[in-house]
Structure formats: C-alpha cells, structure tokens
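model.tsv follows (TSV, C-alpha atoms):
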chain	number	residue	atom	x	y	z
Y	1	MET	CA	100.94	270.40	-11.34
Y	2	CYS	CA	100.55	271.59	-14.94
Y	3	ASP	CA	101.89	275.03	-15.92
Y	4	LYS	CA	98.47	276.74	-16.06
Y	5	PRO	CA	96.10	274.65	-13.90
Y	6	LEU	CA	93.60	277.53	-13.53
Y	7	ARG	CA	93.63	278.55	-17.20
Y	8	ASN	CA	90.54	280.59	-18.15
Y	9	ILE	CA	88.94	280.29	-14.71
Y	10	SER	CA	87.60	283.73	-13.74
Y	11	VAL	CA	88.25	284.62	-10.11
Y	12	LEU	CA	86.92	287.55	-8.11
Y	13	LEU	CA	89.39	288.27	-5.31
Y	14	VAL	CA	87.78	290.20	-2.43
Y	15	GLU	CA	90.58	291.29	-0.10
Y	16	ASP	CA	91.44	294.60	1.59
Y	17	ASN	CA	95.03	293.84	2.62
Y	18	GLU	CA	97.40	295.04	-0.11
Y	19	MET	CA	100.11	292.45	0.54
Y	20	ASN	CA	97.59	289.60	0.60
Y	21	THR	CA	96.07	290.92	-2.63
Y	22	LEU	CA	99.47	291.05	-4.33
Y	23	LEU	CA	100.30	287.51	-3.19
Y	24	ALA	CA	97.01	285.99	-4.34
Y	25	SER	CA	97.05	287.91	-7.63
Y	26	ALA	CA	100.59	286.74	-8.38
Y	27	ILE	CA	99.62	283.11	-7.80
Y	28	LEU	CA	96.40	283.39	-9.79
Y	29	SER	CA	98.09	285.13	-12.72
Y	30	ARG	CA	100.93	282.62	-12.80
Y	31	THR	CA	98.50	279.70	-12.88
Y	32	GLY	CA	96.36	281.10	-15.70
Y	33	ALA	CA	93.31	282.53	-13.91
Y	34	ASN	CA	91.52	285.67	-15.05
Y	35	ILE	CA	91.39	288.00	-12.04
Y	36	ALA	CA	89.26	290.90	-10.87
Y	37	GLU	CA	89.85	292.58	-7.51
Y	38	ALA	CA	87.55	294.19	-4.95
Y	39	GLY	CA	88.64	295.85	-1.72
Y	40	ASN	CA	85.38	295.32	0.17
Y	41	GLY	CA	82.03	293.58	-0.07
Y	42	LYS	CA	80.24	296.51	-1.67
Y	43	GLU	CA	82.78	296.67	-4.51
Y	44	ALA	CA	82.45	292.91	-4.98
Y	45	ILE	CA	78.67	293.17	-5.34
Y	46	GLU	CA	79.02	295.91	-7.96
Y	47	LEU	CA	81.41	293.76	-9.99
Y	48	LEU	CA	79.06	290.78	-9.73
Y	49	ARG	CA	76.23	292.90	-11.11
Y	50	GLN	CA	78.38	293.61	-14.17
Y	51	LYS	CA	79.77	290.17	-15.08
Y	52	PRO	CA	79.81	286.52	-13.98
Y	53	PHE	CA	82.71	284.80	-12.25
Y	54	ASP	CA	83.62	281.14	-11.83
Y	55	ILE	CA	84.99	281.48	-8.28
Y	56	ILE	CA	85.00	284.11	-5.53
Y	57	LEU	CA	87.84	284.27	-2.99
Y	58	MET	CA	86.35	286.17	-0.06
Y	59	ASP	CA	88.25	287.46	2.96
Y	60	LEU	CA	86.01	287.37	6.04
Y	61	HIS	CA	87.17	290.61	7.65
Y	62	LEU	CA	86.46	293.37	5.15
Y	63	PRO	CA	85.68	297.09	5.54
Y	64	VAL	CA	82.30	298.56	4.51
Y	65	MET	CA	80.67	295.11	4.17
Y	66	ASN	CA	82.25	292.00	5.69
Y	67	GLY	CA	82.62	288.61	4.02
Y	68	LEU	CA	79.64	286.96	5.71
Y	69	ASP	CA	77.21	289.78	4.92
Y	70	THR	CA	78.51	289.98	1.36
Y	71	THR	CA	77.98	286.25	0.88
Y	72	LYS	CA	74.44	286.44	2.24
Y	73	TYR	CA	73.68	289.30	-0.16
Y	74	ILE	CA	75.11	287.36	-3.11
Y	75	ARG	CA	72.94	284.36	-2.29
Y	76	LYS	CA	69.69	286.07	-1.26
Y	77	GLU	CA	69.60	289.30	-3.28
Y	78	LEU	CA	71.70	288.57	-6.37
Y	79	LYS	CA	70.58	284.92	-6.28
Y	80	LEU	CA	73.95	283.71	-7.57
Y	81	ASP	CA	75.30	280.22	-6.86
Y	82	VAL	CA	78.90	281.04	-7.80
Y	83	PRO	CA	81.23	279.08	-5.46
Y	84	ILE	CA	82.65	281.22	-2.65
Y	85	ILE	CA	85.86	280.26	-0.84
Y	86	ALA	CA	86.40	281.95	2.53
Y	87	ILE	CA	89.89	283.28	3.25
Y	88	THR	CA	90.71	283.48	6.93
Y	89	ALA	CA	93.72	283.61	9.22
Y	90	ASN	CA	92.23	281.27	11.82
Y	91	ILE	CA	88.85	279.58	11.45
Y	92	ILE	CA	87.16	277.97	14.45
Y	93	ASN	CA	84.15	275.65	14.41
Y	94	ASP	CA	81.61	278.35	15.29
Y	95	GLU	CA	82.92	280.68	12.58
Y	96	GLU	CA	83.04	277.79	10.11
Y	97	ASN	CA	79.37	277.05	10.72
Y	98	ARG	CA	78.45	280.71	10.22
Y	99	CYS	CA	80.31	280.70	6.90
Y	100	LEU	CA	78.45	277.61	5.70
Y	101	GLU	CA	75.11	279.00	6.85
Y	102	ALA	CA	75.82	282.23	4.96
Y	103	GLY	CA	76.35	280.21	1.79
Y	104	MET	CA	80.11	279.80	1.49
Y	105	ASN	CA	81.39	276.58	-0.08
Y	106	ALA	CA	84.92	276.06	1.26
Y	107	PHE	CA	87.75	277.59	3.29
Y	108	ILE	CA	91.43	278.32	2.92
Y	109	SER	CA	93.61	279.51	5.79
Y	110	LYS	CA	96.27	282.22	5.61
Y	111	PRO	CA	99.13	281.93	5.05
Y	112	TYR	CA	98.58	279.56	2.13
Y	113	THR	CA	100.94	278.19	-0.51
Y	114	GLU	CA	100.43	278.26	-4.27
Y	115	LYS	CA	99.72	274.52	-4.12
Y	116	ASN	CA	97.06	275.01	-1.41
Y	117	LEU	CA	95.30	277.77	-3.32
Y	118	VAL	CA	95.37	276.06	-6.71
Y	119	GLU	CA	94.12	272.76	-5.28
Y	120	LYS	CA	91.28	274.46	-3.39
Y	121	ILE	CA	90.11	276.47	-6.42
Y	122	SER	CA	90.41	273.46	-8.74
Y	123	TYR	CA	88.48	271.30	-6.30
Y	124	VAL	CA	85.60	273.75	-5.81
Y	125	HIS	CA	85.45	274.60	-9.53
Y	126	HIS	CA	85.34	270.90	-10.42
Y	127	ILE	CA	82.33	270.37	-8.16
Y	128	ALA	CA	80.50	273.35	-9.65
Y	129	GLU	CA	81.15	272.20	-13.22
Y	130	SER	CA	80.03	268.65	-12.40
Y	131	LYS	CA	76.76	270.00	-11.03
Y	132	LYS	CA	76.17	272.12	-14.13
Y	133	ALA	CA	76.73	269.10	-16.36
Y	134	ASP	CA	74.60	266.92	-14.06
Y	135	GLN	CA	77.37	264.32	-14.02
Y	136	PRO	CA	78.31	261.92	-11.22
Y	137	VAL	CA	80.84	263.62	-9.01
Y	138	SER	CA	84.30	262.18	-8.47
Y	139	PRO	CA	86.17	265.01	-6.75
Y	140	PRO	CA	89.89	265.55	-7.27
Y	141	LEU	CA	91.69	264.60	-4.08
Y	142	GLU	CA	94.42	266.49	-2.35
Y	143	GLU	CA	97.69	264.65	-1.98
Y	144	GLY	CA	97.28	262.12	0.83
Y	145	LEU	CA	93.78	260.80	1.36
Y	146	PHE	CA	94.19	260.68	5.13
Y	147	ASN	CA	96.74	261.06	7.91
Y	148	LEU	CA	97.20	258.68	10.83
Y	149	ASN	CA	99.23	261.08	13.00
Y	150	THR	CA	96.42	261.59	15.51
Y	151	LEU	CA	95.82	257.85	15.84
Y	152	ASN	CA	99.56	257.19	16.17
Y	153	VAL	CA	99.67	259.57	19.13
Y	154	VAL	CA	96.65	257.90	20.73
Y	155	THR	CA	97.79	254.30	20.16
Y	156	GLN	CA	101.47	254.95	21.04
Y	157	GLY	CA	102.80	252.06	18.98
Y	158	ASN	CA	100.09	249.58	19.97
Y	159	THR	CA	99.49	248.00	16.56
Y	160	GLU	CA	96.57	245.88	17.75
Y	161	LEU	CA	94.77	248.95	19.09
Y	162	MET	CA	95.49	250.77	15.82
Y	163	ARG	CA	93.98	247.92	13.79
Y	164	THR	CA	90.94	247.83	16.08
Y	165	MET	CA	90.36	251.57	15.68
Y	166	LEU	CA	90.75	251.41	11.91
Y	167	HIS	CA	88.30	248.49	11.79
Y	168	ALA	CA	85.87	250.65	13.75
Y	169	PHE	CA	86.34	253.51	11.28
Y	170	ILE	CA	85.73	251.25	8.28
Y	171	ASN	CA	82.57	249.81	9.85
Y	172	GLN	CA	81.30	253.27	10.83
Y	173	ALA	CA	81.98	254.59	7.32
Y	174	SER	CA	79.86	251.83	5.81
Y	175	VAL	CA	77.02	252.37	8.29
Y	176	SER	CA	77.06	256.15	7.83
Y	177	ILE	CA	77.05	256.02	4.02
Y	178	TYR	CA	74.12	253.60	4.06
Y	179	ALA	CA	72.26	255.81	6.55
Y	180	LEU	CA	72.93	258.96	4.53
Y	181	LYS	CA	71.82	257.43	1.23
Y	182	THR	CA	68.69	255.93	2.79
Y	183	ALA	CA	67.76	259.19	4.51
Y	184	PHE	CA	68.41	261.13	1.31
Y	185	LYS	CA	66.05	258.90	-0.69
Y	186	GLU	CA	63.39	259.47	1.97
Y	187	LYS	CA	64.21	263.23	2.17
Y	188	ASN	CA	64.61	262.76	5.91
Y	189	PHE	CA	66.68	265.78	6.95
Y	190	ILE	CA	66.81	264.75	10.61
Y	191	GLU	CA	68.41	261.40	9.78
Y	192	ILE	CA	70.80	262.99	7.27
Y	193	HIS	CA	71.94	265.40	9.97
Y	194	ALA	CA	72.33	262.59	12.51
Y	195	ALA	CA	74.38	260.40	10.15
Y	196	ALA	CA	76.65	263.30	9.18
Y	197	HIS	CA	77.14	264.30	12.81
Y	198	SER	CA	78.05	260.70	13.66
Y	199	ILE	CA	80.82	260.31	11.07
Y	200	LYS	CA	82.25	263.86	11.38
Y	201	PRO	CA	84.60	263.16	14.35
Y	202	ASN	CA	86.02	260.12	12.54
Y	203	ILE	CA	86.76	262.20	9.44
Y	204	ASP	CA	88.53	264.75	11.64
Y	205	THR	CA	90.51	262.06	13.48
Y	206	LEU	CA	91.80	260.53	10.24
Y	207	GLU	CA	92.43	264.04	8.91
Y	208	ILE	CA	90.56	263.41	5.65
Y	209	THR	CA	91.06	266.99	4.52
Y	210	SER	CA	88.98	266.75	1.36
Y	211	LEU	CA	85.90	265.84	3.44
Y	212	LYS	CA	86.15	268.20	6.42
Y	213	THR	CA	84.17	270.97	4.77
Y	214	ILE	CA	81.84	268.61	2.89
Y	215	ILE	CA	80.65	266.79	6.01
Y	216	ARG	CA	79.97	270.13	7.73
Y	217	GLN	CA	78.05	271.38	4.70
Y	218	ILE	CA	75.88	268.26	4.82
Y	219	GLU	CA	75.26	268.82	8.53
Y	220	VAL	CA	74.36	272.50	8.10
Y	221	LEU	CA	72.09	272.01	5.06
Y	222	ALA	CA	70.28	269.11	6.71
Y	223	GLY	CA	69.83	271.17	9.87
Y	224	GLN	CA	68.27	273.94	7.79
Y	225	GLU	CA	66.10	271.38	5.95
Y	226	LYS	CA	66.78	272.85	2.53
Y	227	ASP	CA	68.54	272.24	-0.80
Y	228	ILE	CA	68.03	268.49	-1.13
Y	229	GLU	CA	69.74	268.53	-4.55
Y	230	GLU	CA	72.91	270.02	-3.08
Y	231	LEU	CA	72.81	267.41	-0.32
Y	232	GLY	CA	72.68	264.69	-2.96
Y	233	TYR	CA	75.87	265.96	-4.61
Y	234	LEU	CA	77.66	266.28	-1.28
Y	235	ILE	CA	76.65	262.78	-0.15
Y	236	ALA	CA	77.87	261.37	-3.49
Y	237	MET	CA	81.25	263.07	-2.98
Y	238	LEU	CA	81.44	261.80	0.58
Y	239	GLU	CA	80.78	258.24	-0.54
Y	240	SER	CA	83.36	258.49	-3.34
Y	241	VAL	CA	86.14	259.67	-1.05
Y	242	LEU	CA	85.31	257.37	1.88
Y	243	THR	CA	85.32	254.37	-0.46
Y	244	LYS	CA	88.85	255.28	-1.60
Y	245	VAL	CA	89.96	255.81	2.00
Y	246	VAL	CA	88.65	252.41	3.07
Y	247	VAL	CA	90.34	250.65	0.13
Y	248	GLN	CA	93.66	252.37	0.84
Y	249	LEU	CA	93.44	251.65	4.57
Y	250	LYS	CA	92.89	247.96	3.89
Y	251	LEU	CA	95.89	247.84	1.57
Y	252	GLN	CA	98.18	250.01	3.69
Y	253	GLU	CA	97.37	248.48	7.06
Y	254	ASN	CA	96.69	244.94	5.76
Y	255	ILE	CA	93.27	244.90	7.40

Same coordinates, now as structure tokens:
Amino acid sequence: MCDKPLRNISVLLVEDNEMNTLLASAILSRTGANIAEAGNGKEAIELLRQKPFDIILMDLHLPVMNGLDTTKYIRKELKLDVPIIAITANIINDEENRCLEAGMNAFISKPYTEKNLVEKISYVHHIAESKKADQPVSPPLEEGLFNLNTLNVVTQGNTELMRTMLHAFINQASVSIYALKTAFKEKNFIEIHAAAHSIKPNIDTLEITSLKTIIRQIEVLAGQEKDIEELGYLIAMLESVLTKVVVQLKLQENI
C-alpha cells in the first residue's frame, strides 16, 4: 500500500459515535483523504448542499435521520450519484437489500482495519471514476480472489469431489455471464435478475469478496427494472472478476 493511497479524495464521514469518528478520521487523514464530518443525516445533507464529495461513509444507525433515509434523500431529492458506503456492525441479507434499494453502493463492517477501509474506498472510487470517463471497468481486486475454506469443509479432503464442484462453478460462471450479457443487450430485466440470482450462491460459496455486493446490486436493480446503464457497468465488472477467478482456479487446482 502506498503512503497516501487516498490522496485528494474527499470523504464525507457520517457517524454519531465519537470513538468511531476518531478512528475513521485518523485512518482517512493518514492515507491522504480530505475529510468532512457529520453527526447525523440532516447535517450530512446540509454539507452536501454546500460542496461535492467523492465518497460518503454512512453509518446506518444515526440520530435525527438514519442512514437509509439520508441515502434516499440524497438520491431522490438532491439527485446526487456520489458513491455511498454503508458502515454497519452486523449486516444481514434483508438489511443489505434495503441498503441497495435505498441507493447505497457498498458495505464495510465494524470493526474494520485501515487496510479494509482504504481498499473499500479505493474500489468504490475507482468504479465511479471509470463511469465518469466512460472507460471499460477493470476493478481493483482485494487480496485473494477467492477462498476455498467453505468447499474444504464440505468436501473433507475428497479431492475428486472438490474438482467436480470447481468444474461445476466454472461451467456455471460461463453460463451466467453469457445469460447476463444476452439479457442486458435485450434489456430483459427478468432474465438479468434470474441469471444474477443463479450465480449468487456460488459467489458466496467461493467467498469472492469483491463480487458479493456487485451481484446483489445487479439483482436489486434488475428487480426494480431501472438503471440499465448501471447494470451494464456492474455486469462488466462481474465478468472481469469471474474470468480472473476461473483462470486462477484452473492454474491452482490443475483443472
């Protein structure tokens, strides 16, 4: 990691817990970000009316106006597409879906490390900048494309079963990418949703961290039948990462 990986990135930190604010601010300052702080959603909205930010770090449980309502206001009333990263102590699937539906872009769980926070901000900022420049997206990947721990537990040392399951993943990845790209060209939201829903458990099983939020964003947007351009970017990122995963699996497992 370079000395100032977040140099000149402006971050609005929306957090009401003083210790959490001090921790995040220390990390952001040390890594070069320009920081503004808000203690609740209403304060955040006032700051956003005054100046633009590159990234918003938004705690979900805020006084006066919570993180979800604040995000909805930013999207619908202020009409801003600034990336919003949800900060939460423990996110479950239902809450994750509500965050995505409100317009959030990614999640980070407390407690987080400096490495976690910097990687998440860099990742989300990279996507936003790629979209602005209308360039093909090749997202930066977190260390370790995937993790076979879950499959190791399931297969219990049975190498043949492991190879069979990885073959199935590779085949499913190819089928899902083709289905997603075809459905996207046809603007068929139902098929996009179905293809995303089909590959999601496999992404979770292989613990492909960089895709867990992306595949859920695809599923939510397709279910809402909106923002076809955003879906295109997300599908391109999904294809890019899955291609790398498949290549590495074939090399690592000699498939």

Enclose all atoms of range 179-184 of chain Y listed in the file in an axis-aligned box, grow every side by 6 Å, and hand back centre and edge lengths in Å to one decimal, as AutoDock Vina command-line options.
--center_x 70.3 --center_y 258.5 --center_z 3.9 --size_x 17.2 --size_y 17.3 --size_z 17.3

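Across Y:Met19, Y:Leu68, Y:Ile192, Y:Ile56, the tightest approach to Leu80 in chain Y is made by Y:Ile56 when counting all atoms listed in the file.
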
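Minimum atom-to-atom distance to Phe146 in chain Y, evaluated using all atoms listed in the file, belongs to Y:Asn202 out of Y:Thr182, Y:Thr113, Y:Asn171, Y:Asn202.
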
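Take the candidates Y:Glu207, Y:Glu96, Y:Glu230, Y:Glu37 and check each one against Asn149 in chain Y using only C-alpha atoms; the shortest distance goes to Y:Glu207.
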
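Among the candidates Y:Ser25, Y:Ile170, Y:Leu47, Y:Asn8, the one nearest to Ile203 in chain Y when counting all atoms listed in the file is Y:Ile170.
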
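With only C-alpha atoms as the atoms that count, the minimum distance from Pro201 in chain Y to the choices Y:Leu78, Y:Ala173, Y:Ala179, Y:Ala36 is reached by Y:Ala173.
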
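Nearest-residue note for Leu238 in chain Y: choosing from Y:Ile190, Y:Val14, Y:Ile177, Y:Ile74, the minimum distance belongs to Y:Ile177, counting all atoms listed in the file.
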
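Between CA of His193 in chain Y and CA of Asn66 in chain Y the separation is 28.8 Å.
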
**Request:** Write out as number ranges by chain which residues come within 10 Å of Gly39 in chain Y when counting all atoms listed in the file, dropping same-chain ones fewer than 5 positions away.
**Result:** Y: 13-18, 21, 44, 59, 62-65

**Prompt:** Neighbours of Val175 in chain Y within 10 Å (all atoms listed in the file; same-chain residues fewer than 5 positions away dropped), as a ChimeraX atom specification?
**Reply:** /Y:169-170,180,195,198-199

Could the residues in this selection be saved with C-alpha atoms as a short mmCIF file (atom, residue, chain, number, x, y, z; two decimals), in the frame of the given file?
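Generated file (result_4.cif):
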data_model
loop_
_atom_site.label_atom_id
_atom_site.label_comp_id
_atom_site.auth_asym_id
_atom_site.auth_seq_id
_atom_site.Cartn_x
_atom_site.Cartn_y
_atom_site.Cartn_z
CA PHE Y 169 86.34 253.51 11.28
CA ILE Y 170 85.73 251.25 8.28
CA LEU Y 180 72.93 258.96 4.53
CA ALA Y 195 74.38 260.40 10.15
CA SER Y 198 78.05 260.70 13.66
CA ILE Y 199 80.82 260.31 11.07
#

**Message:** When you look at Leu166 in chain Y with a cut-off of 10 Å (counting all atoms listed in the file), what residues show up, excluding the ones that are within fewer than 6 positions of it in the same chain? I need them as number ranges by chain.
**Reply:** Y: 148, 151, 160, 172, 202, 206, 246, 249-250, 253, 255

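Reported to one decimal place, the separation of CA of Ser29 in chain Y from CA of Glu114 in chain Y is 11.1 Å.
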
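A straight line drawn from CA of Asp3 in chain Y to CA of Ser210 in chain Y is 23.1 Å long.
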
**Request:** With a distance cut-off of 9 Å and only C-alpha atoms, select the neighbouring residues of Leu145 in chain Y, excluding the residue or stretch itself and same-chain residues fewer than 3 positions from it, and output the selection as an MDAnalysis selection string.
**Result:** chainID Y and resid 141:142 207:210 241 244:245 248

**Request:** Give me the residues within 12 Å of Ile84 in chain Y as a ChimeraX atom specification, counting all atoms listed in the file and dropping any in the same chain fewer than 3 places off.
**Result:** /Y:11-14,44,53-60,67-68,70-72,74-75,80-81,87,99-100,102-108,120-121,124-125,128
